file model-v4.txt (compact mmCIF, C-alpha atoms)
# COMPACT_ATOMS: atom_id res chain seq x y z
CA MET A 122 87.36 88.63 144.83
CA THR A 123 89.84 91.13 143.40
CA GLU A 124 92.75 89.53 141.54
CA LYS A 125 96.25 90.82 142.16
CA TYR A 126 99.07 91.12 139.63
CA ALA A 127 102.56 92.49 139.78
CA VAL A 128 101.92 94.44 136.57
CA VAL A 129 98.92 95.20 134.41
CA VAL A 130 99.78 96.19 130.85
CA ILE A 131 97.03 98.22 129.21
CA GLY A 132 97.30 97.80 125.44
CA GLY A 133 98.22 94.72 123.45
CA GLY A 134 100.16 96.20 120.54
CA ALA A 135 103.90 96.04 119.97
CA ALA A 136 104.71 98.11 123.06
CA GLY A 137 102.41 96.23 125.40
CA LEU A 138 103.38 92.76 124.18
CA SER A 139 107.08 93.59 124.32
CA ALA A 140 106.71 94.78 127.91
CA ALA A 141 104.72 91.68 128.80
CA LEU A 142 107.36 89.41 127.29
CA VAL A 143 110.11 90.90 129.43
CA LEU A 144 107.94 90.86 132.56
CA GLY A 145 106.90 87.25 132.00
CA ARG A 146 110.48 86.15 131.51
CA ALA A 147 111.33 87.95 134.76
CA ARG A 148 108.72 85.78 136.51
CA HIS A 149 106.30 88.59 137.31
CA GLN A 150 102.60 87.79 137.26
CA THR A 151 101.38 89.98 134.42
CA LEU A 152 98.03 90.73 132.82
CA VAL A 153 97.67 92.32 129.37
CA VAL A 154 94.36 94.02 128.63
CA ASP A 155 93.92 94.37 124.88
CA ALA A 156 91.03 96.28 123.32
CA GLY A 157 92.01 94.91 119.89
CA GLU A 158 92.30 98.24 118.06
CA PRO A 159 95.89 98.49 116.74
CA ARG A 160 96.78 101.72 114.96
CA ASN A 161 98.29 99.88 111.99
CA ALA A 162 95.30 97.59 111.41
CA PRO A 163 94.52 99.14 107.97
CA ALA A 164 98.00 98.23 106.67
CA ALA A 165 98.57 94.92 104.90
CA HIS A 166 102.23 94.81 105.91
CA MET A 167 104.67 96.53 108.24
CA GLN A 168 108.10 97.57 107.10
CA GLY A 169 111.40 98.69 108.58
CA TYR A 170 111.46 96.21 111.48
CA LEU A 171 114.66 94.20 111.13
CA SER A 172 113.86 90.47 110.62
CA ARG A 173 110.11 91.26 110.42
CA ASP A 174 110.12 93.49 107.35
CA GLY A 175 106.96 92.87 105.31
CA MET A 176 105.14 90.87 107.99
CA PRO A 177 101.38 91.55 108.24
CA PRO A 178 100.61 93.41 111.48
CA ALA A 179 98.00 90.83 112.51
CA GLU A 180 100.57 88.03 112.15
CA PHE A 181 103.11 90.02 114.17
CA LEU A 182 100.63 90.42 117.03
CA SER A 183 99.61 86.75 116.85
CA VAL A 184 103.23 85.65 117.19
CA GLY A 185 103.69 88.06 120.09
CA ARG A 186 100.67 86.67 121.93
CA GLU A 187 102.00 83.15 121.53
CA GLU A 188 105.37 84.21 122.90
CA ILE A 189 104.05 85.88 126.05
CA ALA A 190 101.81 82.89 126.76
CA ARG A 191 104.92 80.68 127.08
CA TYR A 192 105.87 82.64 130.18
CA GLY A 193 102.51 82.55 131.88
CA VAL A 194 101.39 86.04 130.91
CA GLU A 195 97.60 86.33 130.80
CA LEU A 196 95.96 88.28 127.96
CA VAL A 197 92.31 89.28 127.89
CA ARG A 198 90.36 90.99 125.13
CA ASP A 199 88.72 93.78 127.07
CA ARG A 200 88.99 97.48 127.76
CA VAL A 201 90.04 99.32 130.92
CA VAL A 202 87.31 101.76 131.89
CA GLU A 203 88.64 102.98 135.22
CA VAL A 204 91.90 103.06 137.11
CA GLU A 205 92.69 104.50 140.53
CA LYS A 206 95.91 104.82 142.49
CA GLY A 207 95.95 103.87 146.14
CA GLU A 208 98.36 101.58 147.93
CA ASP A 209 98.42 99.87 144.54
CA PHE A 210 96.45 100.39 141.32
CA ALA A 211 92.79 99.37 141.11
CA VAL A 212 91.83 98.55 137.53
CA VAL A 213 88.27 98.01 136.30
CA LEU A 214 87.55 96.33 132.97
CA ALA A 215 84.51 96.91 130.77
CA GLY A 216 83.53 93.27 131.25
CA GLY A 217 83.19 93.84 134.99
CA ARG A 218 86.47 92.35 136.14
CA HIS A 219 88.33 94.13 138.95
CA VAL A 220 92.09 93.64 139.34
CA HIS A 221 94.88 95.23 141.34
CA ALA A 222 98.45 95.82 140.20
CA ARG A 223 101.63 97.05 141.82
CA ARG A 224 102.75 98.72 138.59
CA LEU A 225 101.11 99.78 135.32
CA VAL A 226 102.26 100.02 131.73
CA ILE A 227 100.06 102.28 129.60
CA ALA A 228 100.39 101.33 125.94
CA THR A 229 97.04 102.58 124.65
CA GLY A 230 98.48 104.21 121.52
CA LEU A 231 96.60 106.77 119.48
CA LYS A 232 93.98 107.04 116.77
CA ASP A 233 94.49 108.67 113.38
CA GLU A 234 91.73 111.14 112.50
CA LEU A 235 91.71 111.38 108.72
CA PRO A 236 90.85 114.35 106.51
CA THR A 237 87.15 114.37 105.65
CA VAL A 238 87.66 114.20 101.88
CA PRO A 239 85.34 111.49 100.46
CA GLY A 240 87.14 108.23 99.74
CA ILE A 241 90.16 108.76 101.99
CA ALA A 242 88.96 106.68 104.93
CA GLU A 243 87.96 103.78 102.67
CA ARG A 244 91.38 103.58 101.01
CA PHE A 245 93.60 104.42 103.98
CA GLY A 246 96.42 101.91 104.33
CA ARG A 247 96.08 100.81 100.69
CA ASP A 248 96.86 103.61 98.23
CA VAL A 249 96.05 106.46 100.63
CA LEU A 250 99.04 106.51 102.97
CA HIS A 251 100.60 108.69 105.63
CA CYS A 252 104.15 107.40 106.23
CA PRO A 253 106.69 107.05 103.40
CA PHE A 254 109.06 105.18 105.71
CA CYS A 255 106.33 102.58 106.18
CA HIS A 256 105.13 102.36 102.57
CA GLY A 257 107.41 104.42 100.31
CA TRP A 258 109.39 101.51 98.88
CA GLU A 259 106.25 99.61 97.91
CA VAL A 260 104.87 102.54 95.88
CA ARG A 261 108.18 103.95 94.63
CA ASP A 262 108.29 105.79 91.30
CA GLN A 263 104.50 106.01 91.03
CA PRO A 264 102.67 109.33 90.60
CA PHE A 265 102.24 110.71 94.14
CA GLY A 266 99.82 113.23 95.50
CA VAL A 267 100.15 114.91 98.89
CA LEU A 268 97.08 116.46 100.52
CA ALA A 269 97.88 119.54 102.57
CA SER A 270 96.16 119.82 105.93
CA SER A 271 98.29 122.76 107.10
CA PRO A 272 101.39 124.66 105.92
CA ALA A 273 103.41 122.03 107.83
CA SER A 274 102.36 119.49 105.17
CA VAL A 275 105.18 120.92 103.03
CA HIS A 276 107.53 118.69 105.02
CA GLN A 277 105.59 115.58 103.98
CA ALA A 278 105.61 116.66 100.33
CA LEU A 279 109.37 117.13 100.44
CA ILE A 280 110.04 113.83 102.22
CA VAL A 281 108.00 111.71 99.80
CA SER A 282 109.99 113.13 96.88
CA GLN A 283 112.71 110.70 98.02
CA TRP A 284 110.56 107.86 96.65
CA SER A 285 109.10 109.47 93.51
CA LYS A 286 110.05 112.32 91.22
CA ASP A 287 106.42 112.80 90.18
CA VAL A 288 104.85 114.54 93.18
CA ARG A 289 101.94 116.99 93.24
CA PHE A 290 101.21 118.93 96.38
CA PHE A 291 97.48 119.66 96.63
CA LEU A 292 97.03 122.76 98.77
CA HIS A 293 93.38 121.85 99.44
CA THR A 294 92.28 124.34 102.13
CA VAL A 295 95.73 125.92 102.55
CA ALA A 296 96.33 129.21 100.73
CA GLU A 297 99.54 129.47 98.75
CA GLU A 298 100.28 132.70 100.64
CA GLU A 299 100.59 130.63 103.83
CA LEU A 300 103.71 128.92 102.48
CA SER A 301 107.02 130.59 103.21
CA ASP A 302 109.50 131.60 100.53
CA GLN A 303 111.80 128.85 101.81
CA ASP A 304 108.97 126.31 101.46
CA LEU A 305 108.38 127.32 97.86
CA ARG A 306 112.09 127.24 97.02
CA ARG A 307 112.47 123.77 98.49
CA LEU A 308 109.37 122.45 96.73
CA ALA A 309 110.69 123.78 93.43
CA ALA A 310 114.15 122.31 94.06
CA ALA A 311 112.58 118.92 94.82
CA GLY A 312 110.52 119.07 91.63
CA VAL A 313 107.21 119.06 93.54
CA ASP A 314 104.32 120.68 91.66
CA VAL A 315 102.12 122.89 93.84
CA VAL A 316 98.43 122.59 92.94
CA PRO A 317 96.06 125.21 94.41
CA GLY A 318 92.38 124.45 94.84
CA GLU A 319 90.30 122.33 97.18
CA VAL A 320 90.18 118.57 96.75
CA ALA A 321 86.63 117.25 96.29
CA GLY A 322 87.33 113.52 96.21
CA LEU A 323 89.24 110.60 94.76
CA VAL A 324 88.90 108.82 91.44
CA VAL A 325 88.85 105.04 91.87
CA GLU A 326 88.70 102.51 89.05
CA ASP A 327 88.74 98.72 89.47
CA ASP A 328 89.37 99.21 93.19
CA ARG A 329 92.51 101.26 92.50
CA LEU A 330 93.19 104.95 93.06
CA THR A 331 93.65 106.59 89.67
CA GLY A 332 93.23 110.27 90.37
CA VAL A 333 92.48 113.23 92.62
CA ARG A 334 89.51 115.45 91.69
CA LEU A 335 89.31 119.13 92.63
CA THR A 336 86.15 121.11 93.29
CA ASP A 337 86.55 122.92 89.97
CA GLY A 338 86.15 119.57 88.20
CA THR A 339 89.75 119.09 87.12
CA THR A 340 91.32 115.69 87.74
CA HIS A 341 94.95 114.86 88.33
CA ALA A 342 96.07 111.33 87.54
CA ARG A 343 97.64 109.92 90.71
CA SER A 344 98.00 106.35 91.95
CA VAL A 345 99.12 107.19 95.52
CA LEU A 346 97.93 109.91 97.86
CA PHE A 347 99.76 110.81 101.06
CA VAL A 348 97.75 112.49 103.80
CA GLY A 349 98.50 113.80 107.27
CA PRO A 350 96.06 112.38 109.83
CA ARG A 351 95.42 114.31 112.99
CA PRO A 352 96.71 112.14 115.84
CA ALA A 353 94.38 111.68 118.80
CA PRO A 354 96.45 110.34 121.73
CA GLN A 355 94.55 107.94 123.97
CA THR A 356 95.58 109.57 127.24
CA GLY A 357 92.33 109.30 129.21
CA LEU A 358 93.68 106.80 131.75
CA LEU A 359 96.88 108.78 132.22
CA GLU A 360 94.89 111.94 132.85
CA ARG A 361 92.74 110.18 135.46
CA LEU A 362 95.90 109.11 137.24
CA GLY A 363 97.15 112.71 137.24
CA ALA A 364 100.04 112.28 134.83
CA GLU A 365 101.60 115.49 133.56
CA LEU A 366 101.15 115.98 129.82
CA ARG A 367 103.19 118.05 127.39
CA GLU A 368 101.66 119.81 124.42
CA THR A 369 103.17 119.12 120.99
CA PRO A 370 102.11 119.99 117.44
CA PHE A 371 100.75 116.41 117.28
CA GLY A 372 98.74 116.37 120.51
CA ALA A 373 99.37 116.10 124.24
CA TYR A 374 101.57 113.25 125.48
CA PRO A 375 102.78 112.24 128.94
CA VAL A 376 106.03 113.56 130.30
CA VAL A 377 108.29 110.51 130.68
CA ASP A 378 111.87 109.72 131.63
CA PRO A 379 114.15 107.64 129.35
CA THR A 380 112.54 104.41 130.59
CA GLY A 381 108.99 105.61 129.98
CA LEU A 382 108.23 106.39 133.64
CA THR A 383 105.53 109.06 133.85
CA THR A 384 105.19 111.67 136.58
CA VAL A 385 102.93 109.23 138.43
CA PRO A 386 105.08 106.82 140.51
CA GLY A 387 104.56 103.25 139.37
CA VAL A 388 103.12 104.15 135.95
CA TRP A 389 105.09 103.71 132.74
CA ALA A 390 103.99 104.55 129.19
CA ALA A 391 105.29 103.24 125.88
CA GLY A 392 104.64 103.22 122.14
CA ASN A 393 102.31 105.76 120.53
CA ALA A 394 101.06 106.57 124.01
CA ILE A 395 104.18 108.74 124.35
CA GLY A 396 104.50 110.16 120.83
CA PHE A 397 103.09 110.37 117.33
CA ALA A 398 106.18 109.12 115.49
CA GLU A 399 106.72 105.85 117.37
CA GLN A 400 106.91 103.11 114.72
CA VAL A 401 106.43 99.42 115.57
CA VAL A 402 110.15 98.92 116.16
CA HIS A 403 110.27 101.95 118.48
CA ALA A 404 107.16 100.78 120.34
CA ALA A 405 108.63 97.34 120.95
CA SER A 406 111.84 98.91 122.20
CA GLY A 407 109.93 101.26 124.50
CA GLY A 408 107.95 98.38 125.98
CA TYR A 409 111.19 96.50 126.66
CA ARG A 410 112.76 99.52 128.37
CA ALA A 411 109.70 100.11 130.53
CA ALA A 412 109.47 96.47 131.59
CA SER A 413 113.15 96.16 132.48
CA ALA A 414 112.87 99.32 134.59
CA ILE A 415 109.81 97.88 136.37
CA VAL A 416 111.66 94.65 137.14
CA GLY A 417 114.41 96.62 138.86
CA ASP A 418 111.93 98.91 140.61
CA LEU A 419 109.92 96.02 142.07
CA LEU A 420 113.06 94.20 143.16
CA MET A 421 114.53 97.20 144.99
CA THR A 422 111.17 98.01 146.59
CA ASP A 423 110.89 94.46 147.94
CA LEU A 424 114.51 94.32 149.12
CA ASP A 425 114.15 97.64 150.93
CA ALA A 426 110.95 96.41 152.62
CA ALA A 427 112.67 93.17 153.67
CA ALA A 428 115.64 95.09 155.07
CA ARG A 429 113.33 97.19 157.27
CA GLU A 430 111.77 94.12 158.89

call {"tool": "encode", "arguments": {"input": "model-v4.txt", "output": "structure tokens"}}
result
Amino acid sequence: MTEKYAVVVIGGGAAGLSAALVLGRARHQTLVVDAGEPRNAPAAHMQGYLSRDGMPPAEFLSVGREEIARYGVELVRDRVVEVEKGEDFAVVLAGGRHVHARRLVIATGLKDELPTVPGIAERFGRDVLHCPFCHGWEVRDQPFGVLASSPASVHQALIVSQWSKDVRFFLHTVAEEELSDQDLRRLAAAGVDVVPGEVAGLVVEDDRLTGVRLTDGTTHARSVLFVGPRPAPQTGLLERLGAELRETPFGAYPVVDPTGLTTVPGVWAAGNAIGFAEQVVHAASGGYRAASAIVGDLLMTDLDAAARE
């Protein structure tokens, strides 16, 4: 027997839980399907979220799950493998469960695909980092390295100089000729040293990053390395539903209105499902906006139907 919900939220991170909290408090029967793969899982702490600064991501999610449970929201650890739009939305879970929903919130986030330099994946979220706003304060004034993945990595090298005046920009596979004159002037003005040559790997001692080694054998003493992962948006379900996507330098994301409504009626998206730069605080806000819009949408739909009777 197919179960019916007012809303199914796909994704149990900050965006999904925030949406579920609002929906539960609005007395809508809501199901959250959580695959348990948060983007910030490698990080020991999250920063920049007022009143939650420094909280471990796992603790943040645990508290969120407890909060939504108070309002009767159901959460299952599973994965959505199929979704179809008809009179409502038919949702199939990997565990075999079939449910229907009047509205959907897609909060499936994205995955960070790291550079293939040996050692980076193992130390990501510790002393190999990608976001200075997330981790800059904790590693301030240490010797920084920045690994170029494209000429656009200049921006990252300039930004991290806000947190350390000892920054080396490793060009890696980027030729110095690919940098513009303006890039070079800004790097010089920021005191960032440009280091040509491909990076071969990291130097780790006593489970701490101590250096960056080039293919020519030279080693640069560094205790922090910033990298630029390639974001892989998890848009498979949105594509199956026919949502329009927009191409960006950081991948393809759904076209949404200010509430997160996609081009598919009844489908909202929030968090990293709509953009690369959505931090936890943005994701939570986006989930709230989407849910409040859904509450109004369901109410007006029901009132209009009642008025026609």

call {"tool": "closest_atom_pairs", "arguments": {"input": "model-v4.txt", "of": "range 223-332 of chain A", "to": "range 160-174 of chain A", "cutoff": "9 Å", "atoms": "only C-alpha atoms", "output": "JSON lines"}}
result
{"residue": "A:Gly230", "atom": "CA", "partner": "A:Arg160", "partner_atom": "CA", "distance": 7.2}
{"residue": "A:Leu231", "atom": "CA", "partner": "A:Arg160", "partner_atom": "CA", "distance": 6.8}
{"residue": "A:Lys232", "atom": "CA", "partner": "A:Arg160", "partner_atom": "CA", "distance": 6.3}
{"residue": "A:Asp233", "atom": "CA", "partner": "A:Arg160", "partner_atom": "CA", "distance": 7.5}
{"residue": "A:Arg244", "atom": "CA", "partner": "A:Pro163", "partner_atom": "CA", "distance": 8.8}
{"residue": "A:Phe245", "atom": "CA", "partner": "A:Pro163", "partner_atom": "CA", "distance": 6.7}
{"residue": "A:Gly246", "atom": "CA", "partner": "A:Ala164", "partner_atom": "CA", "distance": 4.6}
{"residue": "A:Arg247", "atom": "CA", "partner": "A:Ala164", "partner_atom": "CA", "distance": 6.8}
{"residue": "A:Phe254", "atom": "CA", "partner": "A:Gly169", "partner_atom": "CA", "distance": 7.5}
{"residue": "A:Cys255", "atom": "CA", "partner": "A:Gln168", "partner_atom": "CA", "distance": 5.4}
{"residue": "A:His256", "atom": "CA", "partner": "A:Gln168", "partner_atom": "CA", "distance": 7.2}

call {"tool": "atom_distance", "arguments": {"input": "model-v4.txt", "atom1": "CA of Pro375 in chain A", "atom2": "CA of Val213 in chain A"}}
result
21.6 Å

call {"tool": "residues_around", "arguments": {"input": "model-v4.txt", "residues": "Leu308 in chain A", "least_positions_apart": "4", "cutoff": "12 Å", "atoms": "only C-alpha atoms", "output": "PyMOL selection string"}}
result
chain A and resi 274-282+286+288-290+300-304+312-316

call {"tool": "write_last_selection", "arguments": {"input": "model-v4.txt", "atoms": "C-alpha atoms", "output": "short mmCIF file (atom, residue, chain, number, x, y, z; two decimals), in the coordinates of the input"}}
result
data_model
loop_
_atom_site.label_atom_id
_atom_site.label_comp_id
_atom_site.auth_asym_id
_atom_site.auth_seq_id
_atom_site.Cartn_x
_atom_site.Cartn_y
_atom_site.Cartn_z
CA SER A 274 102.36 119.49 105.17
CA VAL A 275 105.18 120.92 103.03
CA HIS A 276 107.53 118.69 105.02
CA GLN A 277 105.59 115.58 103.98
CA ALA A 278 105.61 116.66 100.33
CA LEU A 279 109.37 117.13 100.44
CA ILE A 280 110.04 113.83 102.22
CA VAL A 281 108.00 111.71 99.80
CA SER A 282 109.99 113.13 96.88
CA LYS A 286 110.05 112.32 91.22
CA VAL A 288 104.85 114.54 93.18
CA ARG A 289 101.94 116.99 93.24
CA PHE A 290 101.21 118.93 96.38
CA LEU A 300 103.71 128.92 102.48
CA SER A 301 107.02 130.59 103.21
CA ASP A 302 109.50 131.60 100.53
CA GLN A 303 111.80 128.85 101.81
CA ASP A 304 108.97 126.31 101.46
CA GLY A 312 110.52 119.07 91.63
CA VAL A 313 107.21 119.06 93.54
CA ASP A 314 104.32 120.68 91.66
CA VAL A 315 102.12 122.89 93.84
CA VAL A 316 98.43 122.59 92.94
#

call {"tool": "closest_residue", "arguments": {"input": "model-v4.txt", "among": "A:Thr331, A:Lys206, A:Tyr409, A:Ala215", "to": "Leu359 in chain A", "atoms": "all atoms listed in the file"}}
result
A:Lys206

call {"tool": "closest_residue", "arguments": {"input": "model-v4.txt", "among": "A:Ala141, A:Pro264, A:Glu208, A:Ala412", "to": "Ile189 in chain A", "atoms": "all atoms listed in the file"}}
result
A:Ala141

call {"tool": "atom_distance", "arguments": {"input": "model-v4.txt", "atom1": "CA of His403 in chain A", "atom2": "CA of Glu368 in chain A"}}
result
20.7 Å

call {"tool": "residues_around", "arguments": {"input": "model-v4.txt", "residues": "Leu366 in chain A", "least_positions_apart": "4", "cutoff": "8 Å", "atoms": "only C-alpha atoms", "output": "ChimeraX atom specification"}}
result
/A:373-376

call {"tool": "closest_residue", "arguments": {"input": "model-v4.txt", "among": "A:Cys252, A:Ala269, A:Leu152, A:Val385", "to": "Glu205 in chain A", "atoms": "only C-alpha atoms"}}
result
A:Val385

call {"tool": "atom_distance", "arguments": {"input": "model-v4.txt", "atom1": "CA of Trp389 in chain A", "atom2": "CA of Arg429 in chain A"}}
result
26.7 Å

call {"tool": "build_atoms", "arguments": {"input": "model-v4.txt", "residues": "range 273-301 of chain A", "atoms": "N, CA and C atoms", "output": "CSV table (one decimal), in the frame of the given file"}}
result
chain,number,residue,atom,x,y,z
A,273,ALA,N,102.4,123.0,107.4
A,273,ALA,CA,103.4,122.0,107.8
A,273,ALA,C,103.4,120.8,106.9
A,274,SER,N,102.4,120.6,106.1
A,274,SER,CA,102.4,119.5,105.2
A,274,SER,C,103.4,119.6,104.1
A,275,VAL,N,104.1,120.8,104.0
A,275,VAL,CA,105.2,120.9,103.0
A,275,VAL,C,106.3,119.9,103.3
A,276,HIS,N,106.5,119.7,104.6
A,276,HIS,CA,107.5,118.7,105.0
A,276,HIS,C,107.2,117.3,104.4
A,277,GLN,N,106.0,116.9,104.5
A,277,GLN,CA,105.6,115.6,104.0
A,277,GLN,C,105.8,115.5,102.5
A,278,ALA,N,105.4,116.6,101.8
A,278,ALA,CA,105.6,116.7,100.3
A,278,ALA,C,107.1,116.6,99.9
A,279,LEU,N,107.9,117.2,100.7
A,279,LEU,CA,109.4,117.1,100.4
A,279,LEU,C,109.9,115.7,100.7
A,280,ILE,N,109.5,115.2,101.8
A,280,ILE,CA,110.0,113.8,102.2
A,280,ILE,C,109.7,112.8,101.2
A,281,VAL,N,108.4,112.8,100.7
A,281,VAL,CA,108.0,111.7,99.8
A,281,VAL,C,108.7,111.8,98.4
A,282,SER,N,109.3,113.0,98.1
A,282,SER,CA,110.0,113.1,96.9
A,282,SER,C,111.2,112.2,96.8
A,283,GLN,N,111.6,111.7,98.0
A,283,GLN,CA,112.7,110.7,98.0
A,283,GLN,C,112.3,109.4,97.3
A,284,TRP,N,111.0,109.1,97.2
A,284,TRP,CA,110.6,107.9,96.6
A,284,TRP,C,109.9,108.0,95.3
A,285,SER,N,109.6,109.2,94.8
A,285,SER,CA,109.1,109.5,93.5
A,285,SER,C,109.5,110.9,93.1
A,286,LYS,N,109.7,111.0,91.8
A,286,LYS,CA,110.0,112.3,91.2
A,286,LYS,C,108.8,112.9,90.5
A,287,ASP,N,107.7,112.3,90.7
A,287,ASP,CA,106.4,112.8,90.2
A,287,ASP,C,105.5,113.0,91.4
A,288,VAL,N,105.6,114.2,92.0
A,288,VAL,CA,104.8,114.5,93.2
A,288,VAL,C,104.1,115.8,93.0
A,289,ARG,N,102.8,115.8,93.3
A,289,ARG,CA,101.9,117.0,93.2
A,289,ARG,C,101.4,117.3,94.6
A,290,PHE,N,101.6,118.5,95.0
A,290,PHE,CA,101.2,118.9,96.4
A,290,PHE,C,99.9,119.7,96.3
A,291,PHE,N,98.8,119.0,96.7
A,291,PHE,CA,97.5,119.7,96.6
A,291,PHE,C,97.3,120.5,97.9
A,292,LEU,N,97.2,121.8,97.6
A,292,LEU,CA,97.0,122.8,98.8
A,292,LEU,C,95.7,122.6,99.5
A,293,HIS,N,94.7,122.1,98.8
A,293,HIS,CA,93.4,121.8,99.4
A,293,HIS,C,92.9,123.1,100.1
A,294,THR,N,92.8,123.2,101.4
A,294,THR,CA,92.3,124.3,102.1
A,294,THR,C,93.4,125.3,102.6
A,295,VAL,N,94.6,125.0,102.2
A,295,VAL,CA,95.7,125.9,102.6
A,295,VAL,C,96.0,126.9,101.4
A,296,ALA,N,96.1,128.2,101.7
A,296,ALA,CA,96.3,129.2,100.7
A,296,ALA,C,97.8,129.2,100.4
A,297,GLU,N,98.1,129.5,99.1
A,297,GLU,CA,99.5,129.5,98.8
A,297,GLU,C,100.3,130.5,99.5
A,298,GLU,N,99.6,131.6,99.9
A,298,GLU,CA,100.3,132.7,100.6
A,298,GLU,C,100.7,132.3,102.0
A,299,GLU,N,100.2,131.1,102.5
A,299,GLU,CA,100.6,130.6,103.8
A,299,GLU,C,101.9,129.9,103.8
A,300,LEU,N,102.4,129.6,102.6
A,300,LEU,CA,103.7,128.9,102.5
A,300,LEU,C,104.8,130.0,102.5
A,301,SER,N,105.9,129.7,103.1
A,301,SER,CA,107.0,130.6,103.2
A,301,SER,C,107.8,130.6,101.9
